[in-house]
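These notes are about the structure you will find just below.
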Amino acid sequence: MLNNKHLTFAFLLFSSIVFSQNDKNVIQIPKQFSDHKNMTKAVKNINTQFKDYTIVGLGEGTHGTKEFNEIRSEISKQLINKSDFRIIAFESAYGDASLLNEAVNSDADLHVALKKYITSIWQTKEIYDLMMWIREYNKNHKDKVIISGFDTDVLTNSAEILKKSIGLGKEYAEITDEIRKKAALQDEMWEKQNDPSFKLDMKAVIKNGTEGFLLVKKADSLYGKKIDLNSKLALYNLEQGFKIPYEASKKNYDVSRDLIMAEMIQKIQSGYNKKMILLAHNAHIALKPIIVDGMGGYLKEKYGQQYYALATSTASGNYSATTDPRAIKNNKYTSYTLPKQMENSWEEKLVNNKYENYFINFNRNSENTYGQPFKMRFIGYGPITPATEKFTITEPLKLNESFNGVVFIKQTNASEHL
């Protein structure tokens, strides 16, 4: 057994040598994101390494980081322009994103559309700029980019999509009216949880969700083959959204949000049969469960080597977050300072590189540099406090088993919310 002196020496040796990567394994990213020429060049080199995948998951170490949104936007633009990716899907509700897609392909005010049709974490200047770019791209291309969403936190607009299908008779109209009522009630109970005085009636949630689930299954059996693809996807989104309370009615609590999102992604991708970009948290795009169930693991089971999970990470700076317990469309955001790097963490290791900002593809790295287990900090949409910090720190994870690659940005800033 090594004594303390030997342990200290071994740690220093590991930190200074193993994490000093060779140039061939690293693509440098400009220190200044405003350096557009070199940023475009860097992202071009990054994209050559996963341009042939069917689905690319672009993760974020926090839900409120400006640079994470900016570099993922640049990656997305180039994948669209050069590699025929045609779906960009957000960790946000399907029905909302479908209406945002309509707004992007019109002359609607996108400031208003983003506030109306996407979860607040995405209501930022960075995402607004991406939507404006997609609007211009779609004006000049027949094979248009589709904006989509794979979450089920809001169901009402999926129900509204169903109601747009006409000519299917009185019974269809009655069923879809009832589905909308169930969806609206579930959404209301979700949103009201941001009110400290509100007490959730779980029995009512389960009853409403169960009735909604059975109505959706009935609509699918009677009209599933008669509606267009967007309506089919909306119907499936409603089924998935009502599934958790339905299963709870049968005392089955094994249906996870990540499994539902992964199944929604598969339906969208196979329905359109187009290559797809996902924008979501690192914990969701990961290849194995980290803090949450990990939809990326389910996608890996389905798509194998055709799914790529790219994490983003940072060492210091600021991030934006809301104190509301539920992410909805009208949360208020504040800038917070990132906690100090944990000792013996991935953040501490990743910052020990001759480049401040860089990308590394684990699939092309034969060394075991990233196969060591260290803790990592995953920040969601809420601020980190002493009481909540324990929920943001992972168990020790092997980075190259959890992701296919990582973009590391040494110093980051809070997202610019609209």
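Lettering and numbering for the structure tokens are positional, with chains as A, B, ... in the shown order, residues counted from 1 in each chain, and ligands counted from 1 in the shown order.
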
Shell of 8 Å around stretch 87-97 of chain A, only C-alpha atoms, local chain residues under 6 positions omitted, as a PyMOL selection string: chain A and resi 76+116-119+145-161+234+237+269+274-281

Strand (DSSP E) per DSSP on the backbone: members of stretch 213-358 of chain A, as a list in words: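 Of stretch 213-358 of chain A, only Lys275, Met276, Ile277, Leu278, Leu279, Tyr307, Tyr308, Ala309, Leu310, Ala311, Thr312, Ser313, Thr314, Ala315, Ser316, Gly317, Asn318, Tyr319, Ser320, Ala321, Thr334, Ser335, Tyr336, Thr337, Asn357 and Tyr358 of chain A fall in strand (DSSP E).
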
Which of A:Phe391, A:Tyr253, A:Phe359, A:Tyr298 sits closest to A:Val43 [using only C-alpha atoms]: A:Phe359

At a cut-off of 7 Å, can you tabulate as a tab-separated table every residue of stretch 222-264 of chain A near stretch 192-215 of chain A together with its closest atom pair and the distance in Å to one decimal, using only C-alpha atoms and ordering rows by chain then number?
```
residue	atom	partner	partner_atom	distance
A:Glu239	CA	A:Phe213	CA	5.6
A:Phe242	CA	A:Gly209	CA	4.9
A:Lys243	CA	A:Phe213	CA	6.4
A:Pro245	CA	A:Ile206	CA	4.6
A:Tyr246	CA	A:Thr210	CA	4.2
A:Ala248	CA	A:Ile206	CA	6.8
A:Ser249	CA	A:Ile206	CA	6.1
```

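Of the listed residues A:Asn38, A:Asn352, A:Thr337, A:Thr176, the one whose atoms come nearest to A:Ser316 is A:Thr337, with distances taken using only C-alpha atoms.
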
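Excluding stretch 64-72 of chain A itself and any same-chain residue fewer than 2 positions from it, the protein and nucleic acid residues within 7 Å of it, counting only C-alpha atoms, are A:Leu58, A:Glu60, A:Thr62, A:Glu74, A:Ile75, A:Ser76, A:Ile121, A:Glu126, A:Ile127, A:Thr312, A:Tyr319, A:Ser320, A:Ala321, A:Tyr381, A:Thr412, A:Asn413, A:Ala414, A:Ser415, A:Glu416.
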
All alpha helix (DSSP H) positions in stretch 84-151 of chain A, as a PyMOL selection string: chain A and resi 94-104+110-117+125-139

For stretch 285-297 of chain A: contacts at 6 Å, only C-alpha atoms, fewer than 6 positions along chain excluded, given as number ranges by chain: A: 57, 258-259, 262, 309, 402-403

Nearest residue to A:Ile328 from the set A:Lys170, A:Lys390, A:Lys375, A:Lys115 (distances using only C-alpha atoms):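 For A:Ile328, the nearest of the given residues is A:Lys115.
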
Shell around A:Gln341 at 9 Å using only C-alpha atoms, local window under 3 positions removed, as a CSV table (one decimal) with all heavy atoms, in the first residue's frame:
```
chain,number,residue,atom,x,y,z
A,315,ALA,N,-15.0,25.7,-16.4
A,315,ALA,CA,-14.3,25.7,-15.1
A,315,ALA,C,-14.8,26.8,-14.2
A,315,ALA,O,-14.8,26.6,-13.0
A,315,ALA,CB,-12.8,25.8,-15.3
A,316,SER,N,-15.1,28.0,-14.8
A,316,SER,CA,-15.4,29.1,-13.9
A,316,SER,C,-16.2,30.1,-14.7
A,316,SER,O,-16.3,30.0,-16.0
A,316,SER,CB,-14.2,29.8,-13.4
A,316,SER,OG,-13.3,30.2,-14.5
A,338,LEU,N,-20.5,30.6,-10.8
A,338,LEU,CA,-20.3,29.2,-10.7
A,338,LEU,C,-19.5,28.9,-9.4
A,338,LEU,O,-18.6,29.6,-9.0
A,338,LEU,CB,-19.5,28.7,-11.9
A,338,LEU,CG,-20.2,28.6,-13.2
A,338,LEU,CD1,-19.3,28.4,-14.4
A,338,LEU,CD2,-21.2,27.4,-13.2
A,344,ASN,N,-10.2,17.2,-7.3
A,344,ASN,CA,-10.2,15.9,-7.9
A,344,ASN,C,-11.5,15.6,-8.6
A,344,ASN,O,-12.1,14.6,-8.5
A,344,ASN,CB,-10.0,14.8,-6.8
A,344,ASN,CG,-9.4,13.6,-7.3
A,344,ASN,OD1,-8.6,13.6,-8.2
A,344,ASN,ND2,-9.7,12.4,-6.7
A,345,SER,N,-11.9,16.6,-9.5
A,345,SER,CA,-13.1,16.5,-10.3
A,345,SER,C,-12.7,16.6,-11.8
A,345,SER,O,-11.5,17.0,-12.1
A,345,SER,CB,-14.0,17.7,-9.9
A,345,SER,OG,-13.4,18.9,-10.3
A,346,TRP,N,-13.6,16.4,-12.6
A,346,TRP,CA,-13.4,16.5,-14.1
A,346,TRP,C,-13.1,17.9,-14.4
A,346,TRP,O,-12.3,18.2,-15.3
A,346,TRP,CB,-14.5,15.9,-14.9
A,346,TRP,CG,-14.4,14.4,-15.1
A,346,TRP,CD1,-15.2,13.4,-14.6
A,346,TRP,CD2,-13.3,13.8,-15.8
A,346,TRP,NE1,-14.7,12.2,-14.9
A,346,TRP,CE2,-13.6,12.4,-15.7
A,346,TRP,CE3,-12.2,14.2,-16.5
A,346,TRP,CZ2,-12.7,11.4,-16.3
A,346,TRP,CZ3,-11.4,13.3,-17.1
A,346,TRP,CH2,-11.6,11.9,-17.0
A,347,GLU,N,-13.8,18.9,-13.8
A,347,GLU,CA,-13.6,20.3,-14.1
A,347,GLU,C,-12.1,20.7,-13.8
A,347,GLU,O,-11.5,21.4,-14.6
A,347,GLU,CB,-14.5,21.2,-13.3
A,347,GLU,CG,-16.0,21.1,-13.7
A,347,GLU,CD,-16.7,20.0,-13.1
A,347,GLU,OE1,-16.2,19.2,-12.3
A,347,GLU,OE2,-17.9,19.8,-13.5
A,348,GLU,N,-11.6,20.2,-12.7
A,348,GLU,CA,-10.2,20.4,-12.3
A,348,GLU,C,-9.2,19.8,-13.3
A,348,GLU,O,-8.2,20.4,-13.7
A,348,GLU,CB,-9.9,19.9,-10.9
A,348,GLU,CG,-8.6,20.2,-10.4
A,348,GLU,CD,-8.4,19.6,-9.0
A,348,GLU,OE1,-8.3,18.4,-8.9
A,348,GLU,OE2,-8.3,20.4,-8.0
A,377,ARG,N,-19.8,18.3,-12.0
A,377,ARG,CA,-20.9,19.1,-11.5
A,377,ARG,C,-21.9,19.4,-12.7
A,377,ARG,O,-21.4,19.9,-13.8
A,377,ARG,CB,-20.4,20.5,-11.0
A,377,ARG,CG,-21.6,21.4,-10.5
A,377,ARG,CD,-21.1,22.6,-9.8
A,377,ARG,NE,-20.7,22.4,-8.4
A,377,ARG,CZ,-19.5,22.5,-8.0
A,377,ARG,NH1,-18.5,22.8,-8.8
A,377,ARG,NH2,-19.2,22.3,-6.7
```

Option closest in space to A:Asn363, from A:Gln49, A:Asn404, A:Ile393, A:Ser335 [counting only C-alpha atoms]: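 Closest residue, counting only C-alpha atoms: A:Asn404.
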
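As for atom CA of A:Ile244 and atom CA of A:Trp190, they are spaced 13.4 Å apart.
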
Minimum-distance residue to A:Asn330, chosen among A:His284, A:His417, A:Lys144, A:Lys217 (using only C-alpha atoms):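 That would be A:His417, the residue with the smallest distance to A:Asn330.
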
Near-A:Gln306 list (10 Å; only C-alpha atoms; drop same-chain fewer than 4 positions) as a list in words: Phe50, Asp52, Tyr53, Thr54, Ile55, Val56, Lys275, Leu299, Lys300 and Lys302 of chain A
